[in-house]
Structures are given as structure tokens and as C-alpha cells.
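**Q** Handing you a structure now.
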Amino acid sequence: MKQAIQAVMAYRVRSFFCLISVALGISSIAVIVAATEGAYKRAFEIVGRFGPDSLLVIGGSEESRALGRWPKTIKLAYVEAVRQAFPTVYMVVPMTFVGDIPVSFRDKKYQTRVIGSTADYTRAWTWPVIQGSDFTEEDIKGIRNVGLIGQEVSRELFGETDPVGKYILVRRIPVQVVGVLAERGITGGGHKLDNRIVLPITTVMKKFVNETQYITAFRARFVDQHNLKAREEELRLFLRQEMRTADDQPDPFRIVSPTAIIKFLVALTGSLVAFIGIAGIICLIVAGFVLANLFLLSVKERTKEIGIRRAIGARRRDIVTQFLGESVIITSIGGIVGFILALLGSRLLTYIAEFPMYFSWKAFAVGMGLSWIVGIASGLQPASRAAQIEPIEAIRE
Amino acid sequence: MPLCSMENVTKTYRLGSQTVEVLRGVSFGIEQGEFVAIIGPSGAGKTTLMNLLGCLDVPTSGRYMLSGRDMSNLTDDELSLIRNEHIGFVFQNFYLIPYATVFENVLLPTLYRDHNTNEAAKLASRLLEMVGLQERDKFRPGQLSGGEQQRVAIARAIINNPELVLADEPTGQLDSKTATEIMKILARMNQDGKAVAIITHDVNIASYAQRTIRMEDGLIV
Ligand SMILES: Nc1ncnc2c1ncn2[C@@H]1O[C@H](COP(=O)(O)OP(=O)(O)OP(=O)(O)O)[C@@H](O)[C@H]1O
Ligand SMILES: [Mg+2]
């Protein structure tokens with residue numbers, strides 16, 4: 001072992017090259033494992049926040065939304081209808097979005113998205129109010145001008161002061177801030193959430209969009225989470241019926257389910273995995289060949305050393321072990337360096353692309369395992385060549 | 001019983017379609033604790049004979065006995081073990097491992113047998129002291145003179161306490177003063193009870209031996 005390390009040190013330039021190529025290969029592989037794990041972790045986090053028992057119904061067919069239109073298809077009345085029709089539903093929360101609304105407090109101005117919903121909104125998204133309190137059933141019924149604001153809104157408009165009880169202007173309508181929502185970060189699709197303002201849905205419908213019937217979306221949560229797939233299909237058919245959609249027409253709405261979110265994230269990761277994966281495998285194969293050739297060269301140069309070891313009593317298998325040991329030491333160090341490179345590289349990737357990465361012992365284990373495989377695979381041929389050297393040939397003057 | 005003995009040993013090499021008969025029926029033996037010199041012109045087959053004595057190669061025909069065992073039909077692994085335990089080699093070109101220290105070079109043969117690391121290290125230090133290099137144990141071979149390198153090689157040859165030390169022109173690369181020092185060390189090893197066989201062209205060197213064997217053209221004359 002010690003001898004092998006010494007030999008690696010003695011031939012350090014060549015060891016260095018092998019090490020670097022192995023390191024590159026391993027780092028890309030480690031990045032892949034981390035990205036995959038990160039995507040899954042992120043997916044489950046998002047699903048956790050989204051609610052693993054939730055379905056989100058958004059108005060408008062896929063097609064019309066792709067064209068940038070946002071047709072009104074969902075009526076507020078469906079919310080009550082769904083509540084009645086589905087015995088296992090325990091919460092249905094309507095929502096209406098209004099984009100790009102100017103908001104101000106004294107001389108501070110801000111532009112953001114306003115959401116109209118019910119008092120269930122924060123519960124439905126498991127998004128707690130951390131300062132002040134939620135609005136109430138009475139606020140909804142009374143079409144009151146009260147609201148919850150996100151962390152970013154709070155920072156932008158109020159800085160360090162307490163916003164609760166203050167009046168802000170939302171598109172020139174005065175609204176009293178009753179509560180501040182907890183920090184929430186970014187959705188799976190990359191949308192900011194902390195810049196939102198939540199008002200009673202009645203207030204938004206009447207005073208902002210001048211609408212009596214239609215809403216943008218609603219969320220339904222079910223007690224029987226394990227039957228969500230079936231509930232989704234039932235809900236789809238139920239809504240088609242309510243909307244009197246003809247059989248040959250596509251759904252005039254879209255249902256987002258936790259599985260759909262996971263699928264989306266996994267697909268996103270998949271493309272990265274494929275790209276880096278191919279690069280990593282190529283790196284490792286090249287590294288393997290470089291290593292094998294350099295070792296073969298090394299064996300030729302060290303013929304005398306091998307001869308003297310054999311004369312002194314080394315068996316063929318001792319020579320094989322020695323050379324394999326040397327190549328595995330190099331690739332192992334390469335593996336470790338590669339893992340460190342991967343850690344640094346993923347920082348960069350996360351920084352540029354907000355890509356979820358998660359390094360666990362799995363990424364490390366896969367990296368080390370692969371580096372050993374490369375070490376053994378590329379060391380085997382040179383090592384057995386070394387073992388075939390006959391001592392009398394090697395040490396002839 | 002002699003330490004080793006050859007009976008009518010031949011060695012032929014095949015070079016393509018030609019065969020070269022290098023040893024043509026050699027019979028001789030070395031006693032326990034004996035000091036033998038082998039002399040003869042270049043190409044006489046001295047190194048070939050030494051390779052057979054040292055179990056680096058096997059005879060084409062004839063019989064070679066070492067410590068009462070027939071060496072003719074052993075496997076490669078068995079021959080390796082015999083070399084490790086019973087034979088010490090000293091070569092004209094020293095053949096030390098360049099990247100290992102003097103101390104590690106001396107220890108090398110112990111790596112290939114079950115050994116007590118502590119005891120082996122102590123023995124290596126003692127042997128380095130015996131050849132007068134205890135202060136050089138951390139040096140690399142490249143930092144030593146030829147004579148010093150050969151002394152390291154001798155320490156390495158005897159660390160596993162072999163019965164037979166084979167030296168193929170051990171002084172061939174050295175000046176006469178250094179050669180004398182090396183021969184004194186070999187003579188002392190012989191006095192300690194080891195059999196020594198040395199190949200040389202130099203009659204002064206041969207005079208250290210109790211018996212001189214002369215080879216010519218593949219035969220002992
Ligand atoms: N592996 C081999 N294949 C073919 N011929 C060989 C081989 N080894 C040795 N010979 C031949 O055998 C003969 C004797 O060689 P050997 O090395 O034993 O001589 P030597 O007495 O040691 O000579 P020197 O004093 O020059 O070292 C030489 O002619 C050599 O060419
Ligand atoms: Mg010779």
C-alpha cells in the first residue's frame with residue numbers, strides 16, 4: 001500500500017493527468033446523481049407545499065392558455081357544487097388572480113399580483129400568517145377592503161415597520177393590511193410567491209375585475225389522498241358536465257395534480273442528466289484509456305523493478321496487486337477530487353440556473369464506486385502484462 | 001548432504017528455429033556455508049547457471065536439488081516462495097528501487113512473506129548498521145555511490161536469512177578499493193554461516209572463495 005503510494009508519487013506527472021481526467025468524469029457523474037436527487041427532493045418539497053392531497057383546477061384549455069388567452073370557464077358556483085358532489089373533499093378554495101397591480105404606501109410604490117381568495121387560502125396552501133391575523137368569513141361576506149401581504153411586499157413598502165393595521169393603496173383602492181404571510185420562496189415553475197397580496201375574493205371580483213361569476217382557479221383537497229388519481233378523473237368529468245362541454249371538445253380547464261408536478265420536474269432534470277451523463281461517461285472512458293496506456297508505458301519502463309521484485313520472491317499475483325493498487329489509488333484520488341469539483345460546479349449551476357442539487361452519500365458512493373471500476377478496468381491489462389514479465393529477461397544486463 | 005546440487009543439468013534456448021545449448025551437462029554442488037567463485041570467459045554460461053541455482057529458471061534436463069528438494073517440477077508460485085525464503089541475490093547493477101528509500105529497499109523481500117513488521121524493521125536497521133549505512137536509511141538509491149548501493153543490495157539479499165547468497169559480478173561496476181570492501185562484507189556473511197556463490201572475472205576477487213569453479217562453453221572444466 002505504502003509502496004503503491006510512493007510509486008504514484010514517483011510518477012507524479014503521469015499520475016496527475018490520469019487523476020484529472022478521472023476527476024472530470026467523476027465530477028460530472030456526481031453532478032448527475034446530485035441533480036437527480038435534488039430534483040426529487042425539490043419535487044417532494046413542492047408537492048408537500050402544494051399539498052399531496054390537492055388538485056388545482058385552472059380555467060381555460062391547454063391550447064387557449066398556450067395562445068396567451070385566459071378564458072373564463074370556471075364559475076364561483078362550482079366551488080359549492082364540488083363541495084356538495086364529492087364526499088371526501090374537505091376544502092375547496094376559489095382564487096382569482098389579477099396581474100400587475102400598482103400598490104403603494106405613502107411614497108413607496110410597488111407593482112405586483114393580487115390574489116382574491118377565501119379565508120381558507122392560507123390553510124389550503126399551508127402558508128401561515130406570521131404577523132397579524134388571517135381575514136375572516138365576515139370579510140368575505142362584507143366585501144371588505146382587507147388584505148394579507150407577502151414578505152417581499154412588506155419589505156418593499158414598510159421596511160422595518162410593522163405593516164399590520166396600516167392602509168395601503170391597491171390600484172387607488174385603500175386596503176387595510178391585517179396580516180403578513182411567512183417567507184415562501186419560489187414555486188416549481190420559478191414564480192416568486194413572496195410578492196403577493198391576498199384579498200377577499202369577493203372584493204377582488206367586484207372592485208378589481210368587475211366580475212360576478214367567473215374565477216381563475218380553485219383548489220380542492222381530499223381526505224382520501226390515496227384515491228387522488230380517481231378523484232382527479234371524477235372531478236374532470238364533473239366539471240365537463242357542469243360546463244356542458246361537448247364530447248368532441250378538449251377540457252376547457254386544466255387539473256394540476258402532485259404527480260403532474262413530479263413529472264414536470266423529472267423531465268426537466270432528465271435533459272440535464274442526459275447531457276452531463278454522456279459527457280461524464282465519455283470523460284471516464286477517455287480517462288480509462290489514457291490510464292491504461294500510461295500504465296502500459298509505466299510497466300515497460302519499470303521492467304527492471306518488476307524483475308527484481310520477482311527475483312526477490314514476489315509472485316505474479318503480487319505484481320498484479322501492486323499495479324492494480326496504483327491505478328485504483330490514482331482513480332480514487334481522482335474520484336475525491338471529482339466530487340469536490342462537482343460540489344463547486346453545482347454551486348455555479350445552482351447560481352446560474354436555480355437548479356436544485358442535493359449531495360448525499362449516494363452521489364459520493366456512486367462516484368467512488370465508478371472511480372474504482374475505472375481504476376480496475378484500466379489497470380487490469382497493464383497489471384497482467386507486468387505479471388507476465390520473466391525475471392531473467394528483466395534483469396539481464 | 002550438500003546445500004544444493006546439480007546432476008547433469010542442461011539448458012537450451014530456442015531462438016526461432018535454432019536452438020542454443022548454453023549448459024551442456026553440468027554436475028556440481030555447493031556445501032552448507034561454503035564460499036564458491038565461478039569464473040570463465042564471457043558467454044560460458046555463468047549467469048545461466050546462476051539463474052538455475054537461484055530458481056529464476058528451470059533446467060531443460062537434469063536434476064537440481066536445493067535443501068533436499070527437487071526444483072525441477074515446481075510451480076511459478078512455489079519457485080517465488082523458494083527464492084524469497086532460501087536465496088539472496090546481489091547483481092552487478094544493484095537493482096534497487098529508485099523511488100523507495102534505502103530502508104524500504106532493504107525491507108522489500110519481507111513484503112512478500114508473512115512477517116512481523118516490527119521485527120522486520122528492527123532487522124533492517126541492524127543490517128544497515130552491519131553494512132555501515134545506518135545514517136543513510138532515508139536516502140534514495142540515486143543519492144548513494146555505487147559501493148553504497150551495493151551494500152544496500154547485500155542487506156536486502158540477507159534480510160530473509162537465506163542459506164544461499166548468489167552474486168553475479170557484484171564488483172563489476174566498482175573500483176578496486178570499493179570492491180574489496182564489498183568482498184569483505186560478503187566474506188563476513190559467509191563466516192556467519194551462509195553459503196555464497198560469486199561470479200567474477202577478477203582473480204583477486206575469486207581469491208576470497210574457498211573453491212573456484214571454472215566454466216567454459218557450457219561445461220565445468
Ligand atoms: N534467454 C536467452 N535466449 C537465448 N540465448 C541466451 C539466453 N540467455 C543466454 N543466452 C546465451 O547463452 C550464452 C551464455 O550466456 P550467459 O549470460 O550465461 O554467459 P555468461 O557466462 O554470464 O557471460 P558474461 O560473462 O558475459 O556475463 C550466451 O551465448 C547467451 O547469448
Ligand atoms: Mg553473466
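Labels used: A, B, ... for chains in the order of the C-alpha cells, numbers from 1 for residues in each chain, and numbers from 1 for ligands as shown.
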Chain B near ligand 1 within 7 Å: what's each residue's closest atom pair and its distance in Å to one decimal, counting only C-alpha atoms and all ligand atoms, ordered by chain then ascending residue number, as CSV?

**A**
residue,atom,partner,partner_atom_place_in_ligand_line,distance
B:Tyr13,CA,ligand 1,4 (C),4.9
B:Arg14,CA,ligand 1,4 (C),6.5
B:Leu15,CA,ligand 1,4 (C),6.1
B:Val20,CA,ligand 1,5 (N),6.3
B:Val22,CA,ligand 1,12 (O),4.8
B:Gly40,CA,ligand 1,21 (O),6.7
B:Pro41,CA,ligand 1,25 (O),5.8
B:Ser42,CA,ligand 1,25 (O),3.5
B:Gly43,CA,ligand 1,19 (O),3.6
B:Ala44,CA,ligand 1,21 (O),4.0
B:Gly45,CA,ligand 1,18 (O),3.1
B:Lys46,CA,ligand 1,21 (O),3.7
B:Thr47,CA,ligand 1,22 (O),3.6
B:Thr48,CA,ligand 1,18 (O),3.8
B:Leu49,CA,ligand 1,18 (O),6.5

**Q** Which parts of segment 45-132 of chain A does DSSP call alpha helix (DSSP H) when run on the backbone here, written out as a list in words?

**A**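 Filtering segment 45-132 of chain A to alpha helix (DSSP H) leaves Glu45, Ile46, Val47, Gly48, Arg49, Phe50, Glu62, Glu63, Ser64, Arg65, Ala66, Leu76, Ala77, Tyr78, Val79, Glu80, Ala81, Val82, Arg83, Gln84, Ala85, Tyr121, Thr122, Arg123 and Ala124 of chain A.
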
**Q** Output N, CA and C atoms for every residue in that selection, as an mmCIF file, in the first residue's frame.

**A**
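Saved the output as selection34.cif:
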data_model
loop_
_atom_site.group_PDB
_atom_site.id
_atom_site.type_symbol
_atom_site.label_atom_id
_atom_site.label_comp_id
_atom_site.auth_asym_id
_atom_site.auth_seq_id
_atom_site.Cartn_x
_atom_site.Cartn_y
_atom_site.Cartn_z
ATOM 1 N N GLU A 45 -40.688 18.435 -1.998
ATOM 2 C CA GLU A 45 -40.925 19.649 -1.219
ATOM 3 C C GLU A 45 -42.104 20.424 -1.786
ATOM 4 N N ILE A 46 -42.066 20.569 -3.127
ATOM 5 C CA ILE A 46 -43.114 21.343 -3.783
ATOM 6 C C ILE A 46 -44.458 20.652 -3.619
ATOM 7 N N VAL A 47 -44.437 19.333 -3.799
ATOM 8 C CA VAL A 47 -45.672 18.586 -3.626
ATOM 9 C C VAL A 47 -46.158 18.725 -2.186
ATOM 10 N N GLY A 48 -45.203 18.714 -1.258
ATOM 11 C CA GLY A 48 -45.559 18.862 0.150
ATOM 12 C C GLY A 48 -46.248 20.195 0.391
ATOM 13 N N ARG A 49 -45.690 21.244 -0.222
ATOM 14 C CA ARG A 49 -46.261 22.565 -0.069
ATOM 15 C C ARG A 49 -47.570 22.689 -0.842
ATOM 16 N N PHE A 50 -47.554 22.136 -2.034
ATOM 17 C CA PHE A 50 -48.747 22.159 -2.885
ATOM 18 C C PHE A 50 -49.857 21.394 -2.185
ATOM 19 N N GLU A 62 -55.657 23.882 -22.354
ATOM 20 C CA GLU A 62 -54.213 23.969 -22.567
ATOM 21 C C GLU A 62 -53.916 24.875 -23.745
ATOM 22 N N GLU A 63 -54.687 24.634 -24.796
ATOM 23 C CA GLU A 63 -54.499 25.337 -26.062
ATOM 24 C C GLU A 63 -54.639 26.848 -25.913
ATOM 25 N N SER A 64 -55.778 27.254 -25.332
ATOM 26 C CA SER A 64 -56.056 28.678 -25.233
ATOM 27 C C SER A 64 -55.023 29.355 -24.341
ATOM 28 N N ARG A 65 -54.560 28.641 -23.311
ATOM 29 C CA ARG A 65 -53.570 29.240 -22.434
ATOM 30 C C ARG A 65 -52.231 29.365 -23.126
ATOM 31 N N ALA A 66 -51.946 28.377 -23.998
ATOM 32 C CA ALA A 66 -50.712 28.441 -24.766
ATOM 33 C C ALA A 66 -50.736 29.660 -25.680
ATOM 34 N N LEU A 76 -67.707 30.673 -9.847
ATOM 35 C CA LEU A 76 -67.587 30.606 -8.397
ATOM 36 C C LEU A 76 -68.555 29.555 -7.837
ATOM 37 N N ALA A 77 -69.682 29.397 -8.553
ATOM 38 C CA ALA A 77 -70.705 28.460 -8.092
ATOM 39 C C ALA A 77 -70.201 27.015 -8.054
ATOM 40 N N TYR A 78 -69.187 26.679 -8.916
ATOM 41 C CA TYR A 78 -68.674 25.300 -8.943
ATOM 42 C C TYR A 78 -68.076 24.905 -7.606
ATOM 43 N N VAL A 79 -67.535 25.898 -6.928
ATOM 44 C CA VAL A 79 -66.872 25.624 -5.657
ATOM 45 C C VAL A 79 -67.850 24.936 -4.703
ATOM 46 N N GLU A 80 -69.033 25.512 -4.618
ATOM 47 C CA GLU A 80 -70.048 24.939 -3.750
ATOM 48 C C GLU A 80 -70.522 23.595 -4.306
ATOM 49 N N ALA A 81 -70.657 23.528 -5.650
ATOM 50 C CA ALA A 81 -71.117 22.297 -6.297
ATOM 51 C C ALA A 81 -70.151 21.147 -6.017
ATOM 52 N N VAL A 82 -68.848 21.427 -6.115
ATOM 53 C CA VAL A 82 -67.839 20.385 -5.854
ATOM 54 C C VAL A 82 -67.944 19.939 -4.405
ATOM 55 N N ARG A 83 -68.083 20.893 -3.516
ATOM 56 C CA ARG A 83 -68.219 20.578 -2.100
ATOM 57 C C ARG A 83 -69.385 19.610 -1.853
ATOM 58 N N GLN A 84 -70.463 19.856 -2.566
ATOM 59 C CA GLN A 84 -71.648 19.009 -2.402
ATOM 60 C C GLN A 84 -71.455 17.628 -3.025
ATOM 61 N N ALA A 85 -70.850 17.605 -4.222
ATOM 62 C CA ALA A 85 -70.813 16.374 -5.011
ATOM 63 C C ALA A 85 -69.751 15.382 -4.531
ATOM 64 N N TYR A 121 -57.578 30.215 2.127
ATOM 65 C CA TYR A 121 -56.412 30.271 1.239
ATOM 66 C C TYR A 121 -55.115 29.867 1.936
ATOM 67 N N THR A 122 -54.867 30.486 3.074
ATOM 68 C CA THR A 122 -53.594 30.202 3.751
ATOM 69 C C THR A 122 -53.545 28.761 4.253
ATOM 70 N N ARG A 123 -54.687 28.233 4.638
ATOM 71 C CA ARG A 123 -54.733 26.838 5.075
ATOM 72 C C ARG A 123 -54.537 25.909 3.888
ATOM 73 N N ALA A 124 -55.196 26.268 2.783
ATOM 74 C CA ALA A 124 -55.135 25.422 1.594
ATOM 75 C C ALA A 124 -53.700 25.275 1.088
#

**Q** Would you give me, as a list in words, the residues of chain A that come within 6 Å of chain B, using only C-alpha atoms?

**A** Ala10, Ile312, Gly313, Ala314 and Arg315 of chain A

**Q** Choose the residue, out of B:Ser207, B:Ser5, B:Gln134, B:Asn161, that has the smallest atom-to-atom separation from Ser27 of chain B; count only C-alpha atoms.

**A**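 Closest to Ser27 of chain B of all the choices is B:Ser5.
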
**Q** Considering only C-alpha atoms, can you say which of A:Val57, A:Ile215, A:Val22, A:Ala43 comes closest to Gly116 of chain A?

**A**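 Going through A:Val57, A:Ile215, A:Val22, A:Ala43 one by one, the smallest distance to Gly116 of chain A is for A:Ile215.
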
**Q** List every residue of segment 53-193 of chain A that DSSP, applied to the backbone of this structure, assigns to strand (DSSP E or B), and report them as a ChimeraX atom specification.

**A** /A:54-59,74-75,89-105,108-117,129-132,146-149,167-170,173-181,186,192

**Q** Determine, counting only C-alpha atoms, which protein, DNA and RNA residues have an atom within 6 Å of an atom of segment 92-94 of chain A; residues of the same chain fewer than 6 positions away are not included. Present the result as a ChimeraX atom specification.

**A** /A:117,218-220

**Q** At a cut-off of 9 Å, using only C-alpha atoms, what residues contact Arg347 of chain A? Leave out same-chain residues fewer than 5 positions from it and give the result as a list in words.

**A**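 Listing them by chain and then by number gives Ala342, Ile352 and Met357 of chain A.
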
**Q** May I have the selected residues written with C-alpha atoms, as a PDB file, in the first residue's frame?

**A**
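Generated file (selection.pdb):
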ATOM      1  CA  ALA A 342     -18.825  18.563  -8.530  1.00  0.00           C
ATOM      2  CA  ILE A 352     -26.931  30.458 -12.740  1.00  0.00           C
ATOM      3  CA  MET A 357     -28.935  19.968  -6.330  1.00  0.00           C
TER       4      MET A 357
END

**Q** Near Leu23 of chain B, within 7 Å and counting only C-alpha atoms, which residues show up once chain neighbours fewer than 3 positions away are dropped, as a list in words?

**A**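 Here the answer would be Thr10, Lys11, Thr12, Val26, Gly45, Gly218 and Leu219 of chain B.
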
**Q** Could you dump the residues just selected with N, CA, C and O atoms as a compact mmCIF listing (two decimals), in the first residue's frame?

**A**
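Done, and the output landed in again-v2.txt:
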# COMPACT_ATOMS: atom_id res chain seq x y z
N THR B 10 21.27 -29.52 -18.17
CA THR B 10 21.45 -28.81 -19.44
C THR B 10 20.43 -27.68 -19.51
O THR B 10 19.38 -27.72 -18.87
N LYS B 11 20.79 -26.69 -20.31
CA LYS B 11 19.85 -25.60 -20.58
C LYS B 11 19.99 -25.22 -22.04
O LYS B 11 21.08 -24.88 -22.50
N THR B 12 18.91 -25.32 -22.78
CA THR B 12 18.95 -24.89 -24.18
C THR B 12 17.91 -23.80 -24.38
O THR B 12 16.83 -23.84 -23.81
N VAL B 26 25.93 -30.08 -16.67
CA VAL B 26 26.71 -29.57 -15.55
C VAL B 26 26.36 -30.37 -14.31
O VAL B 26 25.19 -30.55 -13.99
N GLY B 45 28.30 -19.30 -19.90
CA GLY B 45 27.06 -19.82 -19.30
C GLY B 45 27.00 -19.62 -17.80
O GLY B 45 26.19 -20.24 -17.11
N GLY B 218 29.78 -23.80 -21.64
CA GLY B 218 28.65 -24.57 -21.13
C GLY B 218 29.01 -25.78 -20.30
O GLY B 218 28.16 -26.60 -19.98
N LEU B 219 30.29 -25.88 -19.93
CA LEU B 219 30.70 -27.02 -19.11
C LEU B 219 31.62 -26.55 -17.99
O LEU B 219 32.30 -25.52 -18.12

**Q** Measuring atom to atom with only C-alpha atoms and all ligand atoms, identify which of B:Val131, B:Met50, B:Ile159, B:Met6 is nearest to ligand 2.

**A**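 Checking each of B:Val131, B:Met50, B:Ile159, B:Met6 against ligand 2, counting only C-alpha atoms and all ligand atoms, the winner is B:Met50.
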
**Q** Between A:Ala39, A:Gln176, A:Ile26, A:Thr203, which is the closest to Met95 of chain A once you count only C-alpha atoms?

**A**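 Of A:Ala39, A:Gln176, A:Ile26, A:Thr203, the one nearest Met95 of chain A is A:Thr203, counting only C-alpha atoms.
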
**Q** Name all residues at most 12 Å from segment 378-383 of chain A (count only C-alpha atoms; drop same-chain ones fewer than 2 positions away) and give them as a ChimeraX atom specification.

**A** /A:18,22,284-303,306,316-331,370-376,385-389

**Q** With only C-alpha atoms as the atoms that count, which of B:Ala179, B:Ala37, B:Leu123, B:Leu66 lies nearest to Ile213 of chain B?

**A**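 Using only C-alpha atoms, Ile213 of chain B sits closest to B:Ala37.
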
**Q** Nearest residue to Asn195 of chain A out of A:Gln111, A:Thr269, A:Asn145, A:Thr161, using only C-alpha atoms?

**A**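 Of A:Gln111, A:Thr269, A:Asn145, A:Thr161, the one nearest Asn195 of chain A is A:Gln111, counting only C-alpha atoms.
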
**Q** Which polymer residues have any atom within 9 Å of an atom of Asn190 of chain B, counting only C-alpha atoms, with same-chain residues fewer than 5 positions away left out, as an mmCIF file with C-alpha atoms, in the first residue's frame?

**A**
data_model
loop_
_atom_site.group_PDB
_atom_site.id
_atom_site.type_symbol
_atom_site.label_atom_id
_atom_site.label_comp_id
_atom_site.auth_asym_id
_atom_site.auth_seq_id
_atom_site.Cartn_x
_atom_site.Cartn_y
_atom_site.Cartn_z
ATOM 1 C CA GLY B 33 28.316 -22.451 4.425
ATOM 2 C CA GLU B 34 30.704 -22.766 1.516
ATOM 3 C CA PHE B 35 32.183 -19.825 -0.467
ATOM 4 C CA VAL B 165 23.592 -15.875 -1.495
ATOM 5 C CA ILE B 185 31.140 -7.871 3.705
ATOM 6 C CA ALA B 195 26.812 -20.267 1.519
ATOM 7 C CA VAL B 196 27.997 -17.704 -1.033
#
